[in-house]
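Shown next: final_25.tsv, containing TSV, N, CA and C atoms.
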chain	number	residue	atom	x	y	z
I	1	MET	N	-5.27	-51.16	-75.94
I	1	MET	CA	-6.04	-49.99	-75.61
I	1	MET	C	-6.02	-49.05	-76.82
I	2	ARG	N	-7.18	-48.63	-77.27
I	2	ARG	CA	-7.28	-47.76	-78.43
I	2	ARG	C	-7.68	-46.36	-78.00
I	3	TYR	N	-7.10	-45.37	-78.66
I	3	TYR	CA	-7.42	-43.97	-78.41
I	3	TYR	C	-7.85	-43.31	-79.71
I	4	VAL	N	-8.61	-42.25	-79.59
I	4	VAL	CA	-8.96	-41.41	-80.73
I	4	VAL	C	-8.16	-40.13	-80.58
I	5	LEU	N	-7.34	-39.80	-81.57
I	5	LEU	CA	-6.52	-38.60	-81.57
I	5	LEU	C	-7.24	-37.51	-82.35
I	6	ILE	N	-7.46	-36.37	-81.71
I	6	ILE	CA	-8.17	-35.27	-82.36
I	6	ILE	C	-7.29	-34.02	-82.31
I	7	THR	N	-6.98	-33.48	-83.48
I	7	THR	CA	-6.19	-32.26	-83.55
I	7	THR	C	-7.13	-31.06	-83.62
I	8	GLY	N	-6.64	-29.92	-83.16
I	8	GLY	CA	-7.46	-28.72	-83.17
I	8	GLY	C	-8.64	-28.83	-82.22
I	9	ALA	N	-8.44	-29.55	-81.12
I	9	ALA	CA	-9.54	-29.89	-80.22
I	9	ALA	C	-9.94	-28.76	-79.28
I	10	GLY	N	-9.24	-27.64	-79.31
I	10	GLY	CA	-9.55	-26.54	-78.41
I	10	GLY	C	-10.78	-25.74	-78.79
I	11	ASP	N	-11.13	-25.77	-80.07
I	11	ASP	CA	-12.32	-25.05	-80.51
I	11	ASP	C	-12.76	-25.53	-81.89
I	12	GLY	N	-13.83	-24.98	-82.37
I	12	GLY	CA	-14.31	-25.28	-83.72
I	12	GLY	C	-14.68	-26.73	-83.95
I	13	VAL	N	-14.32	-27.21	-85.13
I	13	VAL	CA	-14.67	-28.57	-85.55
I	13	VAL	C	-14.03	-29.62	-84.64
I	14	GLY	N	-12.77	-29.41	-84.27
I	14	GLY	CA	-12.09	-30.36	-83.39
I	14	GLY	C	-12.80	-30.53	-82.06
I	15	LYS	N	-13.23	-29.42	-81.48
I	15	LYS	CA	-13.97	-29.46	-80.22
I	15	LYS	C	-15.29	-30.19	-80.39
I	16	ALA	N	-15.98	-29.92	-81.50
I	16	ALA	CA	-17.26	-30.57	-81.77
I	16	ALA	C	-17.09	-32.08	-81.94
I	17	VAL	N	-16.06	-32.50	-82.64
I	17	VAL	CA	-15.80	-33.93	-82.84
I	17	VAL	C	-15.47	-34.58	-81.50
I	18	ALA	N	-14.66	-33.92	-80.69
I	18	ALA	CA	-14.32	-34.46	-79.37
I	18	ALA	C	-15.58	-34.64	-78.53
I	19	SER	N	-16.48	-33.68	-78.59
I	19	SER	CA	-17.73	-33.77	-77.83
I	19	SER	C	-18.58	-34.94	-78.30
I	20	LEU	N	-18.60	-35.17	-79.60
I	20	LEU	CA	-19.37	-36.30	-80.14
I	20	LEU	C	-18.78	-37.64	-79.72
I	21	LEU	N	-17.47	-37.69	-79.54
I	21	LEU	CA	-16.79	-38.94	-79.21
I	21	LEU	C	-16.42	-39.02	-77.73
I	22	LYS	N	-17.14	-38.31	-76.89
I	22	LYS	CA	-16.80	-38.19	-75.47
I	22	LYS	C	-16.75	-39.52	-74.72
I	23	ASP	N	-17.38	-40.55	-75.24
I	23	ASP	CA	-17.37	-41.85	-74.58
I	23	ASP	C	-16.15	-42.70	-74.95
I	24	GLU	N	-15.35	-42.22	-75.88
I	24	GLU	CA	-14.13	-42.92	-76.30
I	24	GLU	C	-12.95	-42.43	-75.45
I	25	LYS	N	-11.83	-43.11	-75.54
I	25	LYS	CA	-10.60	-42.64	-74.90
I	25	LYS	C	-9.96	-41.64	-75.86
I	26	LEU	N	-9.88	-40.40	-75.43
I	26	LEU	CA	-9.45	-39.32	-76.31
I	26	LEU	C	-8.06	-38.81	-75.98
I	27	LEU	N	-7.32	-38.47	-77.01
I	27	LEU	CA	-6.07	-37.71	-76.92
I	27	LEU	C	-6.32	-36.44	-77.71
I	28	LEU	N	-6.39	-35.33	-77.03
I	28	LEU	CA	-6.70	-34.05	-77.67
I	28	LEU	C	-5.43	-33.25	-77.87
I	29	ILE	N	-5.31	-32.63	-79.04
I	29	ILE	CA	-4.13	-31.84	-79.38
I	29	ILE	C	-4.57	-30.49	-79.92
I	30	ASP	N	-3.86	-29.46	-79.48
I	30	ASP	CA	-4.06	-28.11	-80.01
I	30	ASP	C	-2.78	-27.32	-79.76
I	31	ARG	N	-2.59	-26.24	-80.47
I	31	ARG	CA	-1.37	-25.45	-80.29
I	31	ARG	C	-1.50	-24.40	-79.20
I	32	GLU	N	-2.72	-24.20	-78.68
I	32	GLU	CA	-2.93	-23.25	-77.59
I	32	GLU	C	-3.60	-23.97	-76.42
I	33	GLU	N	-3.04	-23.83	-75.25
I	33	GLU	CA	-3.51	-24.58	-74.09
I	33	GLU	C	-4.80	-24.02	-73.48
I	34	LYS	N	-5.05	-22.74	-73.63
I	34	LYS	CA	-6.17	-22.08	-72.95
I	34	LYS	C	-7.49	-22.85	-73.11
I	35	ASN	N	-7.98	-22.97	-74.31
I	35	ASN	CA	-9.25	-23.67	-74.55
I	35	ASN	C	-9.11	-25.18	-74.43
I	36	LEU	N	-7.99	-25.69	-74.87
I	36	LEU	CA	-7.76	-27.14	-74.88
I	36	LEU	C	-7.87	-27.73	-73.48
I	37	LYS	N	-7.29	-27.06	-72.51
I	37	LYS	CA	-7.30	-27.56	-71.14
I	37	LYS	C	-8.74	-27.68	-70.62
I	38	GLU	N	-9.56	-26.71	-70.92
I	38	GLU	CA	-10.96	-26.72	-70.47
I	38	GLU	C	-11.75	-27.83	-71.16
I	39	VAL	N	-11.54	-28.00	-72.46
I	39	VAL	CA	-12.23	-29.07	-73.20
I	39	VAL	C	-11.83	-30.43	-72.64
I	40	ALA	N	-10.54	-30.63	-72.43
I	40	ALA	CA	-10.05	-31.90	-71.90
I	40	ALA	C	-10.63	-32.18	-70.51
I	41	LYS	N	-10.71	-31.16	-69.70
I	41	LYS	CA	-11.27	-31.32	-68.35
I	41	LYS	C	-12.74	-31.73	-68.43
I	42	ASN	N	-13.50	-31.05	-69.29
I	42	ASN	CA	-14.93	-31.36	-69.43
I	42	ASN	C	-15.19	-32.76	-69.97
I	43	LEU	N	-14.27	-33.27	-70.79
I	43	LEU	CA	-14.45	-34.58	-71.41
I	43	LEU	C	-13.66	-35.68	-70.71
I	44	ASN	N	-12.96	-35.31	-69.63
I	44	ASN	CA	-12.12	-36.27	-68.91
I	44	ASN	C	-11.13	-36.94	-69.86
I	45	ALA	N	-10.43	-36.12	-70.64
I	45	ALA	CA	-9.52	-36.63	-71.67
I	45	ALA	C	-8.09	-36.16	-71.41
I	46	ASN	N	-7.15	-36.86	-72.00
I	46	ASN	CA	-5.75	-36.43	-71.98
I	46	ASN	C	-5.54	-35.40	-73.07
I	47	TYR	N	-4.60	-34.48	-72.85
I	47	TYR	CA	-4.32	-33.49	-73.87
I	47	TYR	C	-2.84	-33.17	-73.96
I	48	PHE	N	-2.43	-32.69	-75.12
I	48	PHE	CA	-1.06	-32.29	-75.38
I	48	PHE	C	-1.09	-31.00	-76.17
I	49	VAL	N	-0.24	-30.07	-75.77
I	49	VAL	CA	-0.12	-28.81	-76.50
I	49	VAL	C	1.04	-28.95	-77.45
I	50	CYS	N	0.76	-28.85	-78.74
I	50	CYS	CA	1.83	-28.89	-79.73
I	50	CYS	C	1.31	-28.35	-81.06
I	51	ASP	N	2.23	-27.91	-81.89
I	51	ASP	CA	1.91	-27.40	-83.21
I	51	ASP	C	2.37	-28.44	-84.22
I	52	ILE	N	1.46	-29.17	-84.80
I	52	ILE	CA	1.83	-30.26	-85.71
I	52	ILE	C	2.20	-29.78	-87.10
I	53	THR	N	2.15	-28.48	-87.33
I	53	THR	CA	2.53	-27.96	-88.65
I	53	THR	C	4.04	-27.81	-88.78
I	54	LYS	N	4.77	-27.98	-87.70
I	54	LYS	CA	6.24	-27.83	-87.75
I	54	LYS	C	6.93	-29.14	-87.48
Would it be possible to restate this file's structure as structure tokens?
Amino acid sequence: MRYVLITGAGDGVGKAVASLLKDEKLLLIDREEKNLKEVAKNLNANYFVCDITK
């Protein structure tokens, strides 16, 4: 099973890329849950809240 991992998926470019790849199995990551949760719900995707800079 293959997934597409998208960082910064809560808004901006990450959100746009996730929308373009909505037919794939997505793992969305962002450091703030507020927007990320809504994007994941709309795209029926899994999400994780984390800051990958640390």
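Ranking I:Glu33, I:Val49, I:Val39, I:Arg2 by their shortest atom-to-atom distance to Lys15 (chain I), with only C-alpha atoms included, puts I:Val39 first.
A straight line drawn from CA of Leu36 (chain I) to atom C of Lys54 (chain I) is 19.5 Å long.
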I'd like the neighbourhood of Ile29 (chain I) as a PyMOL selection string, where a residue qualifies if any of its atoms comes within 7 Å (using all atoms listed in the file), though same-chain residues fewer than 2 positions away should be ignored. chain I and resi 5-10+27+31-32+36+46-50
Filtered DSSP result for chain I, state strand (DSSP E), as JSON, numbers by chain: {"I": [4, 5, 6, 7, 26, 27, 28, 29, 30, 46, 47, 48, 49]}
Atomic separation - atom C of Ser19 (chain I) relative to CA of Met1 (chain I), Å: 19.8 Å
Using only C-alpha atoms, which residue out of I:Ile52, I:Ala45, I:Leu28, I:Ala40 lies closest to Gly14 (chain I)? I:Leu28
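The gap separating atom N of Tyr3 (chain I) from atom N of Leu26 (chain I) is 6.5 Å, in Å to one decimal.
Within chain I, DSSP applied to the backbone places the following residues in alpha helix (DSSP H): Gly12, Val13, Gly14, Lys15, Ala16, Val17, Ala18, Ser19, Leu20, Glu33, Lys34, Asn35, Leu36, Lys37, Glu38, Val39, Ala40, Lys41, Asn42 and Leu43 of chain I.
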For Lys37 (chain I), which residue among I:Val4, I:Asp11, I:Asp23, I:Thr53 is the nearest when counting only C-alpha atoms? I:Asp11
